[in-house]
Every structure is written in structure tokens, then in C-alpha cells.
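Engineer: Following this line is upload.txt, made up of compact mmCIF, C-alpha atoms and all ligand atoms:
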# COMPACT_ATOMS: atom_id res chain seq x y z
CA MET V 1 133.88 66.06 188.13
CA ILE V 2 132.24 62.64 188.07
CA ASN V 3 129.77 61.95 190.86
CA LEU V 4 129.69 58.28 191.76
CA SER V 5 126.84 56.26 193.21
CA LYS V 6 127.39 55.05 196.80
CA ARG V 7 128.18 51.57 195.45
CA LEU V 8 130.84 52.73 192.98
CA LYS V 9 132.26 55.18 195.55
CA CYS V 10 132.74 52.28 197.97
CA ILE V 11 134.66 50.39 195.27
CA ALA V 12 136.72 53.50 194.44
CA ASP V 13 137.67 53.90 198.11
CA MET V 14 139.00 50.35 198.15
CA VAL V 15 141.33 50.92 195.18
CA ASP V 16 144.95 51.28 196.30
CA ASP V 17 146.71 54.51 195.36
CA ASP V 18 148.95 54.46 192.27
CA SER V 19 147.49 51.22 190.93
CA ILE V 20 147.27 50.24 187.29
CA ILE V 21 143.81 48.77 187.08
CA ALA V 22 141.77 46.63 184.71
CA ASP V 23 138.07 47.41 185.09
CA ILE V 24 136.29 44.45 183.54
CA GLY V 25 132.71 45.29 182.56
CA CYS V 26 133.45 49.01 182.87
CA ASP V 27 130.20 50.04 181.15
CA HIS V 28 130.40 53.88 180.89
CA ALA V 29 133.78 53.98 182.68
CA LEU V 30 132.50 56.23 185.47
CA LEU V 31 134.62 54.50 188.12
CA ASP V 32 137.77 54.82 185.99
CA ILE V 33 137.19 58.49 185.19
CA TYR V 34 136.57 59.24 188.88
CA LEU V 35 139.78 57.43 189.92
CA LEU V 36 141.82 59.29 187.31
CA GLN V 37 140.26 62.68 188.08
CA ASN V 38 141.14 62.16 191.71
CA LYS V 39 144.66 61.04 190.80
CA LYS V 40 144.17 57.83 192.73
CA ILE V 41 145.46 55.52 189.99
CA LYS V 42 148.23 55.66 187.42
CA LYS V 43 146.26 54.11 184.59
CA SER V 44 143.08 52.24 183.78
CA ILE V 45 142.41 49.63 181.16
CA ALA V 46 138.66 49.70 180.96
CA CYS V 47 137.12 46.72 179.14
CA ASP V 48 133.58 45.90 178.17
CA ILE V 49 132.05 43.32 175.88
CA THR V 50 129.38 45.73 174.60
CA LYS V 51 130.26 48.25 171.91
CA GLY V 52 127.46 50.60 172.96
CA ALA V 53 128.80 50.76 176.51
CA LEU V 54 132.31 51.56 175.28
CA ASP V 55 131.03 54.22 172.87
CA GLN V 56 129.42 55.98 175.82
CA ALA V 57 132.59 55.45 177.88
CA ARG V 58 134.58 57.11 175.08
CA ARG V 59 132.21 60.11 175.11
CA ASN V 60 132.52 60.35 178.92
CA VAL V 61 136.31 60.23 178.76
CA LYS V 62 136.35 63.04 176.20
CA LEU V 63 133.81 65.11 178.12
CA ASN V 64 135.81 64.81 181.32
CA ASN V 65 139.12 65.29 179.59
CA VAL V 66 140.99 62.47 181.33
CA ASN V 67 144.16 60.74 180.11
CA ASN V 68 145.68 57.39 180.98
CA ILE V 69 142.59 55.40 180.22
CA ASP V 70 142.66 52.69 177.61
CA LEU V 71 139.20 51.59 176.48
CA ARG V 72 139.10 48.08 175.03
CA ILE V 73 136.30 45.99 173.72
CA ALA V 74 136.82 42.55 175.20
CA ASP V 75 135.28 39.49 176.74
CA GLY V 76 136.65 39.39 180.27
CA LEU V 77 140.45 39.52 180.43
CA ASP V 78 140.89 38.60 176.74
CA ASN V 79 142.55 41.92 175.81
CA ILE V 80 144.71 42.29 178.91
CA LYS V 81 148.37 41.69 178.14
CA LYS V 82 151.39 41.06 180.37
CA ASP V 83 153.01 44.37 179.44
CA ASP V 84 149.89 46.25 180.58
CA ASN V 85 151.40 45.69 184.03
CA ILE V 86 148.07 45.73 185.80
CA ASN V 87 148.23 45.07 189.54
CA LEU V 88 144.54 45.40 190.36
CA ILE V 89 141.34 44.08 188.82
CA VAL V 90 137.86 45.46 189.46
CA MET V 91 134.78 43.51 188.48
CA SER V 92 131.49 44.98 189.60
CA GLY V 93 127.87 44.57 188.68
CA LEU V 94 128.41 41.09 187.23
CA GLY V 95 127.08 37.74 188.46
CA ASP V 96 129.15 35.18 190.35
CA SER V 97 129.43 32.60 187.57
CA LYS V 98 130.46 35.21 185.02
CA ILE V 99 133.14 36.58 187.37
CA ILE V 100 134.47 33.11 188.18
CA ASN V 101 134.45 32.05 184.50
CA ILE V 102 136.35 35.18 183.46
CA LEU V 103 139.05 34.65 186.10
CA GLU V 104 139.29 30.90 185.57
CA LYS V 105 139.66 31.27 181.79
CA ASP V 106 142.74 33.49 182.17
CA ARG V 107 144.33 32.39 185.45
CA SER V 108 147.83 33.04 184.08
CA LYS V 109 146.94 36.74 183.72
CA LEU V 110 146.57 36.98 187.49
CA GLU V 111 150.28 36.37 188.05
CA ASP V 112 151.10 40.02 188.79
CA VAL V 113 147.67 40.97 190.09
CA ASP V 114 147.98 41.56 193.83
CA THR V 115 144.47 42.93 194.40
CA ILE V 116 141.01 42.00 193.10
CA ILE V 117 137.93 44.02 194.03
CA ILE V 118 134.61 42.33 193.43
CA GLN V 119 131.04 43.50 193.70
CA SER V 120 128.79 40.73 192.54
CA ASN V 121 125.03 40.97 192.56
CA VAL V 122 124.69 37.31 193.49
CA GLY V 123 126.69 34.41 194.91
CA VAL V 124 129.26 36.33 196.96
CA ASP V 125 129.88 33.15 198.97
CA LYS V 126 130.91 31.32 195.78
CA ILE V 127 133.29 34.13 194.89
CA ARG V 128 134.87 34.08 198.37
CA LYS V 129 135.31 30.32 198.03
CA TYR V 130 136.79 30.51 194.54
CA LEU V 131 139.25 33.34 195.13
CA THR V 132 140.46 32.03 198.48
CA ASN V 133 141.09 28.70 196.76
CA ILE V 134 143.27 30.19 194.04
CA GLY V 135 145.61 32.18 196.29
CA TYR V 136 143.86 35.33 197.48
CA PHE V 137 142.64 36.25 200.96
CA ILE V 138 139.88 38.57 202.08
CA PHE V 139 141.47 41.88 202.97
CA ASP V 140 138.35 44.00 203.38
CA GLU V 141 134.59 43.86 202.95
CA GLU V 142 131.89 46.53 202.98
CA LEU V 143 128.12 46.56 202.66
CA ILE V 144 126.41 49.40 200.82
CA LYS V 145 122.67 50.05 200.63
CA GLU V 146 121.39 51.77 197.55
CA ARG V 147 117.83 51.88 196.24
CA ASN V 148 116.91 49.39 198.96
CA ILE V 149 119.45 46.82 197.76
CA ILE V 150 122.34 45.79 199.99
CA TYR V 151 125.52 45.26 197.95
CA THR V 152 128.66 43.48 199.13
CA VAL V 153 132.03 44.80 198.01
CA ILE V 154 135.04 42.56 198.68
CA LYS V 155 138.73 43.37 198.37
CA PHE V 156 141.00 40.35 197.92
CA LYS V 157 144.78 40.43 198.25
CA LYS V 158 147.29 37.85 197.14
CA GLY V 159 148.07 35.30 199.85
CA TYR V 160 146.59 32.34 201.68
CA LYS V 161 144.30 32.26 204.69
CA LYS V 162 141.99 29.50 205.95
CA TYR V 163 138.31 30.26 206.40
CA ASN V 164 135.48 28.33 208.00
CA LYS V 165 132.07 27.74 206.40
CA ASN V 166 130.43 30.75 208.06
CA GLU V 167 133.25 33.05 207.05
CA LEU V 168 132.98 31.98 203.41
CA LYS V 169 129.21 32.32 203.47
CA TYR V 170 128.81 35.61 205.32
CA GLY V 171 132.27 37.17 205.08
CA PRO V 172 135.00 37.15 207.76
CA VAL V 173 135.33 40.93 207.87
CA LEU V 174 131.57 41.48 207.86
CA LEU V 175 131.14 38.93 210.67
CA ASN V 176 133.77 40.76 212.62
CA LYS V 177 132.23 44.19 212.08
CA LYS V 178 128.61 43.00 212.53
CA ASN V 179 127.31 46.47 211.69
CA GLU V 180 123.69 47.56 211.19
CA LEU V 181 123.65 46.74 207.46
CA PHE V 182 125.00 43.27 208.12
CA ARG V 183 122.23 42.69 210.66
CA GLU V 184 119.68 43.96 208.14
CA LEU V 185 121.08 41.57 205.52
CA LEU V 186 120.76 38.60 207.89
CA ILE V 187 117.25 39.62 209.00
CA ASN V 188 116.21 39.83 205.33
CA LEU V 189 117.62 36.35 204.83
CA ILE V 190 115.69 34.98 207.81
CA LYS V 191 112.46 36.59 206.55
CA ARG V 192 113.01 35.18 203.07
CA ASN V 193 113.53 31.70 204.50
CA GLU V 194 110.39 32.08 206.64
CA ARG V 195 108.38 32.99 203.55
CA ILE V 196 109.72 29.88 201.79
CA ILE V 197 108.98 27.70 204.86
CA SER V 198 105.38 28.92 204.94
CA LYS V 199 104.88 27.82 201.33
CA ILE V 200 106.43 24.36 201.66
CA PRO V 201 103.71 21.66 201.75
CA LYS V 202 103.44 19.45 204.86
CA SER V 203 104.58 16.45 202.81
CA LYS V 204 108.05 18.04 202.45
CA ILE V 205 108.72 18.19 206.18
CA ILE V 206 112.49 17.52 205.84
CA LYS V 207 112.91 20.56 203.62
CA LYS V 208 111.02 22.64 206.20
CA ILE V 209 113.19 21.38 209.06
CA LYS V 210 116.40 22.06 207.13
CA LEU V 211 115.39 25.66 206.50
CA ARG V 212 114.35 26.12 210.14
CA ILE V 213 117.79 24.88 211.26
CA LYS V 214 119.40 27.28 208.78
CA ASN V 215 117.41 30.17 210.23
CA LYS V 216 118.40 29.20 213.78
CA LYS V 217 122.06 29.31 212.72
CA ILE V 218 121.61 32.74 211.14
CA LYS V 219 119.83 34.01 214.29
CA ARG V 220 122.83 32.87 216.34
CA LEU V 221 125.07 35.09 214.19
CA LEU V 222 122.93 38.09 215.12
CA LYS V 223 123.85 37.75 218.81
C1 LIG M 301 125.65 45.96 185.20
S1 LIG M 301 126.99 46.58 184.27
C2 LIG M 301 128.07 47.08 185.56
C3 LIG M 301 128.90 48.25 185.15
C4 LIG M 301 129.88 48.76 186.20
N1 LIG M 301 130.98 47.83 186.36
C5 LIG M 301 129.20 49.01 187.52
O1 LIG M 301 129.48 48.29 188.48
O2 LIG M 301 128.36 49.90 187.58
C6 LIG M 301 127.79 45.14 183.62
C7 LIG M 301 128.70 45.46 182.46
O3 LIG M 301 129.51 44.31 182.21
C8 LIG M 301 129.59 44.12 180.82
N2 LIG M 301 129.92 42.70 180.60
C9 LIG M 301 129.12 41.63 180.70
N3 LIG M 301 129.78 40.49 180.43
C10 LIG M 301 131.06 40.85 180.15
C11 LIG M 301 132.24 40.14 179.79
N4 LIG M 301 132.24 38.80 179.65
N5 LIG M 301 133.37 40.84 179.57
C12 LIG M 301 133.39 42.18 179.68
N6 LIG M 301 132.31 42.91 180.02
C13 LIG M 301 131.16 42.27 180.25
C14 LIG M 301 128.24 44.57 180.29
O4 LIG M 301 128.31 44.91 178.92
C15 LIG M 301 127.95 45.77 181.19
O5 LIG M 301 128.42 46.97 180.63
How does the structure come out when it is put into C-alpha cells?
Structural biologist:
Amino acid sequence: MINLSKRLKCIADMVDDDSIIADIGCDHALLDIYLLQNKKIKKSIACDITKGALDQARRNVKLNNVNNIDLRIADGLDNIKKDDNINLIVMSGLGDSKIINILEKDRSKLEDVDTIIIQSNVGVDKIRKYLTNIGYFIFDEELIKERNIIYTVIKFKKGYKKYNKNELKYGPVLLNKKNELFRELLINLIKRNERIISKIPKSKIIKKIKLRIKNKKIKRLLK
């Protein structure tokens, strides 16, 4: 049986039962194999742009003897077709601009996609903004700490909801939960800003003030 990292396990737990998923940037297809082994999904279309990654995925699929996985070499959603009937997309371990570009390029392919699960290494606020603008709302969010990095995993569902600036920046569900990891994330942010402030020359006083105000706002969220 496949053993997933904490980060991938968090994503797997967010996948709805009986889904047909497209895992874009599947790499070695560990997530897909795990989901199929645990009979959580009906089928996976696992895509990656790199041949080497898919070769390894193919070996892993054979080794673990799973069916109902379709490995496709593709840039983003290029090789996803309407009759694949996917209802859920996973994109994890990619950057915000890549994720947004992939979705924006093939917006029509999202027609029947009711759920999108994203774990981006950077720019989660931009992803929240983009997806909530194109007709998805934030259904769930989790933070996972692995090798001293805090990852954000977001599950979007089809539908509209209005969010304020703070919710888009820090996550409505995370703000609501305000758990220990969320506090750690904000404290790290404050410390990073303080380090930047200390290096800003006196001549750039406005920049310093702006960052100090930002830190005050973040501190308020910790209360
Ligand atoms: C850091 S790995 C993440 C793998 C896995 N999704 C995870 O979360 O562990 C990123 C993967 O995305 C693939 N990738 C990058 N750009 C892509 C694109 N435009 N379309 C499909 N796959 C892409 C890379 O080849 C790589 O295998």
C-alpha cells in the first residue's frame, strides 16, 4: 500500500468519494494510486508535462497493481476531454501563476468540474481571488506542516460567495478555525516583515511605516 506524506494525505482526505479526478502535475502518481487503492475514487486521469515523471508513475501503477488510472503526458488540462467526465481537479505542488494559467487557458473544461483542490507553494491569496471570481467558493481549508514548511490546502466547490480582503488573503475557513498552525503562520509572517523593516534604510520611511501597519493588522488577527 502507498504511504502518503502528510501533505498528500491531507489532499487525499479532501477528495470526495466516488469522484473521477484529473490530477494535474501528478508526478509519480502517488496520490492517485493511494485514492484508488483505498477505493475512494472511481477513476483518475493523471497528467504531467514531464515524461520522466510519467515513466515513474507508470512503474508505480504496475508495482501497486491498480486499475482505473489513465496516465497522460500533457501541459495542464490539454489532454482532458469532455467525455472523461471528470468532476474534480487536483493541482498540488505548483506555483500560483502556473495554476491560474492552466485553469484560465481551458476555462470551458471546468463546466462539469464541481470541485477543485489546490495546494500551491506560493500565492494562495491570488488563487483564492481567482477561483472565487470564476464561480467557485471556498468549501474547506487546512494547514499542514511538513519538514518545517506550512502548506495550505484549499478545497473549492462550484458556487458564488462574497469574501472580504482578509478572507481572500488569509482564508475564510482558516480565519474561522484560528488553530495553532495558523497562528504559527501569522507569527512567521510578522517576523519576516520585521526582518525586512530592520533592513529598510531610514530614507525609505514610508515603506517602513506601511510594513509596520501591515504587521499591526496581522497581530490583530491573532487575538
Ligand atoms: C513539485 S511536483 C508536485 C507533484 C505532486 N502533485 C505533489 O503535490 O507532490 C510538480 C509536478 O508538476 C509537473 N508540471 C509542471 N508544470 C506542469 C504543467 N504545465 N502541466 C502538467 N504538469 C506540470 C512537474 O513535471 C512535476 O511533476
Engineer: Kindly compile the residues surrounding ligand LIG 301 (chain M) within 9 Å, counting all atoms listed in the file, and format them as a ChimeraX atom specification.
Structural biologist: /V:5,7-8,11,23-31,47-54,73-78,90-95,98-99,101-102,119-121
Engineer: In terms of the shortest atom-to-atom distance over all atoms listed in the file, which of V:Ser44, V:Asn176, V:Asn85, V:Gln37 is closest to V:Glu141?
Structural biologist: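 Nearest to V:Glu141: V:Asn176.
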Engineer: So which residues touch V:Phe156 within 8 Å, counting only C-alpha atoms, skipping near sequence neighbours fewer than 3 positions away, as a PDB file with C-alpha atoms, keeping the file's coordinate frame?
Structural biologist:
ATOM      1  CA  THR V 115     144.470  42.930 194.400  1.00  0.00           C
ATOM      2  CA  ILE V 116     141.010  42.000 193.100  1.00  0.00           C
ATOM      3  CA  ILE V 117     137.930  44.020 194.030  1.00  0.00           C
ATOM      4  CA  LEU V 131     139.250  33.340 195.130  1.00  0.00           C
ATOM      5  CA  TYR V 136     143.860  35.330 197.480  1.00  0.00           C
ATOM      6  CA  PHE V 137     142.640  36.250 200.960  1.00  0.00           C
ATOM      7  CA  ILE V 138     139.880  38.570 202.080  1.00  0.00           C
ATOM      8  CA  PHE V 139     141.470  41.880 202.970  1.00  0.00           C
ATOM      9  CA  ASP V 140     138.350  44.000 203.380  1.00  0.00           C
TER      10      ASP V 140
END
Engineer: In terms of the shortest atom-to-atom distance over all atoms listed in the file, which of V:Ile205, V:Lys219, V:Lys42, V:Glu167 is closest to V:Leu189?
Structural biologist: V:Lys219
Engineer: For V:Asn164, which residue among V:Asn65, V:Ser198, V:Thr132, V:Asn79 is the nearest when counting all atoms listed in the file?
Structural biologist: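 The shortest atom-to-atom distance to V:Asn164 comes from V:Thr132.
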